[in-house]
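Dropping final-v7.csv in here (CSV, C-alpha atoms):
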chain,number,residue,atom,x,y,z
E,1,MET,CA,-5.5,-52.3,-0.5
E,2,ALA,CA,-5.3,-48.6,0.3
E,3,PHE,CA,-2.6,-46.4,1.8
E,4,GLY,CA,-3.2,-43.2,3.6
E,5,GLN,CA,-0.8,-40.4,4.7
E,6,GLN,CA,-1.7,-37.8,7.3
E,7,THR,CA,-0.6,-34.2,6.6
E,8,ASP,CA,-0.8,-31.1,8.7
E,9,VAL,CA,-2.7,-28.5,6.6
E,10,ILE,CA,-2.2,-25.0,7.8
E,11,PRO,CA,-5.3,-22.8,7.2
E,12,MET,CA,-5.1,-19.6,5.1
E,13,GLU,CA,-5.8,-17.6,8.3
E,14,ASP,CA,-6.1,-18.7,11.9
E,15,GLU,CA,-5.2,-17.7,15.5
E,16,ILE,CA,-1.7,-18.1,16.7
E,17,ARG,CA,-0.7,-18.0,20.4
E,18,ALA,CA,2.7,-17.1,21.7
E,19,THR,CA,4.4,-15.6,24.8
E,20,VAL,CA,6.6,-12.5,25.0
E,21,ILE,CA,9.5,-12.6,27.4
E,22,ASN,CA,12.3,-10.4,28.5
E,23,ALA,CA,15.4,-11.6,26.7
E,24,GLN,CA,17.6,-10.9,29.7
E,25,THR,CA,15.5,-12.3,32.5
E,26,ASN,CA,13.2,-14.7,30.6
E,27,PHE,CA,10.3,-13.2,32.6
E,28,PRO,CA,7.0,-12.7,30.8
E,29,LEU,CA,6.1,-9.1,29.7
E,30,GLU,CA,2.6,-7.8,30.2
E,31,SER,CA,0.9,-5.1,28.0
E,32,VAL,CA,3.3,-5.6,25.0
E,33,HIS,CA,1.5,-4.3,21.9
E,34,VAL,CA,1.5,-6.8,19.1
E,35,ILE,CA,0.4,-5.7,15.6
E,36,ASN,CA,-0.1,-7.8,12.5
E,37,LEU,CA,1.2,-5.4,9.9
E,38,ASN,CA,-0.4,-7.4,7.0
E,39,LYS,CA,-3.9,-7.8,8.6
E,40,VAL,CA,-3.8,-4.4,10.4
E,41,LYS,CA,-4.9,-6.1,13.6
E,42,GLY,CA,-3.6,-5.5,17.1
E,43,THR,CA,-3.6,-7.0,20.6
E,44,VAL,CA,-1.7,-6.8,23.9
E,45,THR,CA,-0.2,-9.5,26.1
E,46,ASP,CA,-1.8,-10.6,29.3
E,47,PRO,CA,-0.1,-10.7,32.8
E,48,ASP,CA,1.5,-14.0,31.7
E,49,GLY,CA,3.0,-12.4,28.6
E,50,LYS,CA,0.6,-14.4,26.3
E,51,PHE,CA,-1.3,-13.1,23.3
E,52,THR,CA,-3.6,-14.4,20.6
E,53,ILE,CA,-3.9,-12.8,17.1
E,54,MET,CA,-5.2,-13.7,13.7
E,55,ALA,CA,-2.5,-14.3,11.1
E,56,SER,CA,-1.4,-16.2,8.0
E,57,VAL,CA,2.0,-17.8,7.2
E,58,ASN,CA,4.5,-15.1,6.3
E,59,ASP,CA,2.6,-12.3,7.9
E,60,THR,CA,4.8,-9.9,10.0
E,61,LEU,CA,4.1,-9.2,13.6
E,62,TYR,CA,5.5,-6.0,15.1
E,63,LEU,CA,6.0,-5.9,18.9
E,64,THR,CA,6.6,-2.7,20.9
E,65,TYR,CA,7.0,-2.2,24.6
E,66,LEU,CA,8.2,0.9,26.5
E,67,GLY,CA,11.9,0.6,27.3
E,68,PHE,CA,12.5,-2.3,24.9
E,69,LYS,CA,13.7,-2.5,21.3
E,70,PRO,CA,10.8,-3.0,18.8
E,71,GLN,CA,10.8,-6.5,17.2
E,72,LYS,CA,9.6,-7.9,13.9
E,73,VAL,CA,8.6,-11.5,13.7
E,74,ARG,CA,7.7,-13.5,10.6
E,75,VAL,CA,4.8,-15.9,11.1
E,76,THR,CA,5.8,-19.5,10.3
E,77,ASN,CA,4.0,-22.9,10.1
E,78,ASP,CA,5.4,-24.0,13.5
E,79,MET,CA,3.7,-21.0,15.2
E,80,PHE,CA,0.3,-22.6,14.3
E,81,LYS,CA,1.3,-26.1,15.2
E,82,PHE,CA,2.8,-25.3,18.6
E,83,GLU,CA,1.5,-23.0,21.3
E,84,ASP,CA,4.7,-22.6,23.2
E,85,THR,CA,6.3,-20.1,20.9
E,86,LYS,CA,8.4,-17.5,22.8
E,87,ILE,CA,9.3,-14.1,21.4
E,88,SER,CA,12.1,-12.2,23.2
E,89,LEU,CA,12.4,-8.5,23.5
E,90,THR,CA,15.7,-6.8,24.3
E,91,GLU,CA,15.9,-3.9,26.8
E,92,LEU,CA,17.1,-0.6,25.3
E,93,ALA,CA,20.0,-0.5,27.8
E,94,TYR,CA,21.4,-3.5,26.0
E,95,ALA,CA,20.3,-2.5,22.5
E,96,LEU,CA,22.2,0.8,22.9
E,97,GLU,CA,25.5,-1.2,22.9
E,98,GLU,CA,25.1,-1.4,19.1
E,99,VAL,CA,25.5,2.4,18.6
E,100,THR,CA,28.5,3.3,16.5
E,101,ILE,CA,30.6,6.3,17.6
E,102,ARG,CA,31.1,8.6,14.6
E,103,PRO,CA,34.7,9.6,13.9
E,104,TYR,CA,33.9,13.4,13.7
E,105,ALA,CA,32.7,13.8,17.3
E,106,LEU,CA,33.6,17.2,18.6
E,107,THR,CA,36.9,17.6,20.5
E,108,GLY,CA,36.5,21.2,21.7
E,109,TYR,CA,39.4,22.4,19.7
E,110,LEU,CA,38.0,24.6,16.9
E,111,ASP,CA,40.9,24.0,14.4
E,112,ILE,CA,40.5,20.2,14.7
E,113,ASP,CA,36.6,20.2,14.7
E,114,VAL,CA,36.4,22.3,11.6
E,115,LYS,CA,38.5,19.9,9.6
E,116,ASN,CA,36.6,16.8,10.9
E,117,LEU,CA,33.1,18.0,10.4
E,118,PRO,CA,31.4,16.7,7.2
E,119,VAL,CA,30.6,19.2,4.5
E,120,ASN,CA,27.2,19.2,2.9
E,121,THR,CA,27.8,19.6,-0.8
E,122,SER,CA,24.1,19.7,-1.7
E,123,TYR,CA,22.8,22.9,-3.2
E,124,GLN,CA,20.4,25.1,-1.1
E,125,TYR,CA,17.9,27.4,-2.8
E,126,SER,CA,16.3,30.3,-1.0
E,127,ILE,CA,13.0,31.5,-2.5
E,128,SER,CA,11.6,34.9,-1.8
E,129,GLY,CA,8.4,34.7,0.3
E,130,LEU,CA,9.2,31.3,1.8
E,131,ASN,CA,10.7,31.1,5.3
E,132,LYS,CA,13.1,28.2,4.6
E,133,SER,CA,15.5,27.0,2.0
E,134,TYR,CA,15.2,23.8,-0.1
E,135,GLU,CA,17.8,21.3,-0.7
E,136,ALA,CA,18.0,20.1,-4.3
E,137,GLY,CA,20.6,17.3,-3.9
E,138,ARG,CA,23.4,17.1,-6.4
E,139,SER,CA,24.0,19.9,-8.8
E,140,GLY,CA,22.6,19.5,-12.3
E,141,SER,CA,20.9,21.5,-15.0
E,142,SER,CA,17.4,20.5,-13.8
E,143,ALA,CA,18.1,21.0,-10.0
E,144,VAL,CA,16.4,24.4,-9.8
E,145,SER,CA,13.4,23.3,-11.9
E,146,LYS,CA,12.9,20.2,-9.7
E,147,VAL,CA,12.9,22.3,-6.5
E,148,LEU,CA,10.5,24.9,-8.0
E,149,GLY,CA,8.2,22.1,-9.4
E,150,SER,CA,7.8,20.4,-6.0
E,151,ILE,CA,7.0,23.7,-4.3
E,152,MET,CA,4.7,25.2,-6.9
E,153,ASN,CA,2.8,22.0,-7.6
E,154,PRO,CA,2.1,20.3,-4.2
E,155,ALA,CA,-0.6,18.1,-5.8
E,156,ASP,CA,2.0,16.4,-7.8
E,157,LEU,CA,4.2,15.9,-4.7
E,158,LEU,CA,1.3,14.4,-2.8
E,159,ARG,CA,0.5,12.1,-5.8
E,160,ASN,CA,4.1,10.9,-5.7
E,161,LEU,CA,4.0,10.3,-1.9
E,162,PHE,CA,0.7,8.6,-1.8
E,163,GLY,CA,1.3,6.8,-5.0
E,164,LYS,CA,4.4,5.1,-3.6
E,165,LYS,CA,2.3,2.8,-1.3
E,166,PRO,CA,-1.3,2.7,-2.6
E,167,GLN,CA,-2.0,-0.5,-0.7
E,168,GLN,CA,-0.6,0.9,2.5
E,169,MET,CA,-2.7,4.0,2.2
E,170,LYS,CA,-5.8,1.8,1.9
E,171,LYS,CA,-5.0,0.4,5.3
E,172,LEU,CA,-5.6,3.8,7.0
E,173,ARG,CA,-9.3,3.1,7.6
E,174,GLN,CA,-8.5,-0.3,9.1
E,175,MET,CA,-6.0,1.2,11.4
E,176,LYS,CA,-8.5,3.7,12.7
E,177,GLN,CA,-11.1,1.0,13.3
E,178,ASP,CA,-8.8,-1.2,15.4
E,179,LYS,CA,-9.1,-0.2,19.1
E,180,ASP,CA,-5.8,-1.8,20.2
E,181,ILE,CA,-3.9,0.0,17.4
E,182,ARG,CA,-5.5,3.3,18.2
E,183,ASP,CA,-4.7,2.9,21.9
E,184,LEU,CA,-1.1,2.1,21.0
E,185,LEU,CA,-0.7,5.1,18.7
E,186,ALA,CA,-2.3,7.5,21.2
E,187,SER,CA,0.7,6.7,23.6
E,188,LYS,CA,3.4,7.1,20.9
E,189,PHE,CA,5.2,10.2,19.7
E,190,ASP,CA,8.2,8.7,17.8
E,191,ARG,CA,6.4,7.7,14.5
E,192,GLU,CA,8.1,4.3,14.6
E,193,THR,CA,4.9,2.3,14.6
E,194,LEU,CA,3.4,4.5,11.9
E,195,THR,CA,6.4,4.0,9.6
E,196,GLN,CA,6.0,0.2,10.0
E,197,LEU,CA,2.3,0.2,9.4
E,198,LEU,CA,2.3,2.6,6.4
E,199,GLN,CA,5.8,1.5,5.1
E,200,LEU,CA,6.7,5.2,4.7
E,201,GLU,CA,9.8,7.1,5.9
E,202,LYS,CA,9.4,9.7,8.7
E,203,MET,CA,10.4,12.3,6.1
E,204,ASP,CA,7.6,11.2,3.8
E,205,ILE,CA,5.1,11.6,6.7
E,206,ASP,CA,6.4,15.1,7.4
E,207,ASP,CA,6.1,16.0,3.7
E,208,ILE,CA,2.5,14.8,3.5
E,209,LEU,CA,1.5,16.8,6.5
E,210,ASN,CA,3.4,19.9,5.3
E,211,ASN,CA,1.7,19.8,1.9
E,212,CYS,CA,-1.7,19.3,3.6
E,213,SER,CA,-1.2,22.6,5.5
E,214,TYR,CA,-0.6,21.2,9.0
E,215,SER,CA,1.5,23.5,11.1
E,216,LYS,CA,5.1,22.7,12.1
E,217,SER,CA,4.1,22.7,15.8
E,218,PHE,CA,1.4,20.2,15.2
E,219,ILE,CA,3.8,17.9,13.3
E,220,GLN,CA,6.3,18.1,16.0
E,221,THR,CA,4.0,17.7,19.1
E,222,ALA,CA,1.1,15.5,18.0
E,223,ASN,CA,0.9,11.9,19.1
E,224,ASP,CA,1.0,9.1,16.5
E,225,LEU,CA,-2.8,8.7,16.6
E,226,GLN,CA,-3.3,12.4,15.8
E,227,ILE,CA,-0.8,12.1,12.9
E,228,LEU,CA,-2.7,9.0,11.6
E,229,ASP,CA,-6.0,10.9,11.6
E,230,ALA,CA,-4.3,13.8,9.9
E,231,ILE,CA,-2.8,11.6,7.2
E,232,SER,CA,-6.2,9.8,6.7
E,233,SER,CA,-8.0,13.1,6.3
E,234,CYS,CA,-5.4,14.4,3.9
E,235,TYR,CA,-5.6,11.2,1.9
E,236,GLU,CA,-9.4,11.3,1.6
E,237,GLU,CA,-9.1,14.9,0.3
E,238,TYR,CA,-6.4,13.9,-2.1
E,239,LYS,CA,-8.6,11.1,-3.5
E,240,VAL,CA,-11.4,13.5,-4.2
E,241,LEU,CA,-9.0,16.0,-5.9
E,242,ASN,CA,-7.3,13.2,-7.9
E,243,ARG,CA,-10.6,12.1,-9.4
E,244,ARG,CA,-11.1,15.5,-10.8
Show this structure as structure tokens.
Amino acid sequence: MAFGQQTDVIPMEDEIRATVINAQTNFPLESVHVINLNKVKGTVTDPDGKFTIMASVNDTLYLTYLGFKPQKVRVTNDMFKFEDTKISLTELAYALEEVTIRPYALTGYLDIDVKNLPVNTSYQYSISGLNKSYEAGRSGSSAVSKVLGSIMNPADLLRNLFGKKPQQMKKLRQMKQDKDIRDLLASKFDRETLTQLLQLEKMDIDDILNNCSYSKSFIQTANDLQILDAISSCYEEYKVLNRR
């Protein structure tokens, strides 16, 4: 006598199919960009709001659409078993309801506004020959030396920035090869998708480009694809210098 039990085995990697809808109207959304942050693969939804993308359990999908709040979705077993998964995006008009009004909003009365405005207690250091000051954070015996060290030794600063996320930096080449991701980044100027793909803060991206001699105007006006290419070029140069 023998007994058998059927189990649903989820493959290591497979296609998942889902539909993106408007959270307020339940209508499907066409041309939503969907990126698998783990696999660095992208796609867009069809006229019925449907998309197909390669993924594994616990991968993170990042969805963006003009006028809607970006959404992160964790891939689950059920998304492989069923093809009727629906992902809702919220219009920014609704998302803005979450904004918190700060208590020191200006009133127009100087005496009141001066008392309510926050005071920055961080130390600022002005260095001859440089056109901007540098903030060293809290005061301390090593505050000045830390500021001078980061300015005089940009290679160390880049090593710290790139070294934070070595695996993410290795994804740069994958991002550049994926047409859907490149098309998406070419239409973006807010760095939001880049921060998700690279797992870096916007400030870190600015620091990388500043220390790779990109101009302030380029950093402020370039689209996300141009920024990606700039970071990639800078990283390749950094790897060569680091080997020395």
For the atom pair CA of Gly67 in chain E and CA of Ile16 in chain E, what is the interatomic distance in Å to one decimal place?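 About the pair CA of Gly67 in chain E and CA of Ile16 in chain E: they are 25.4 Å apart.
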Between CA of Ile35 in chain E and CA of Lys170 in chain E lies a distance of 16.8 Å
What lies within 10 Å of Phe218 in chain E using only C-alpha atoms, ignoring chain neighbours under 6 positions off, as an NGL selection string? :E and (209 or 226-227)
For Ile87 in chain E, which residue among E:Val240, E:Val32, E:Ala55, E:Ala222 is the nearest when counting all atoms listed in the file?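 Answer, going by the shortest atom-to-atom distance: E:Val32.
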Would you mind telling me which residue in E:Leu89, E:Lys41, E:Ser187, E:Leu197 lies nearest to Pro70 in chain E when using all atoms listed in the file?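 Once distances to Pro70 in chain E are computed over all atoms listed in the file, the minimum belongs to E:Leu89.
Taking all atoms listed in the file into account, Asn160 in chain E lies nearest to E:Asp204 out of the set E:Cys212, E:Leu37, E:Leu92, E:Asp204.
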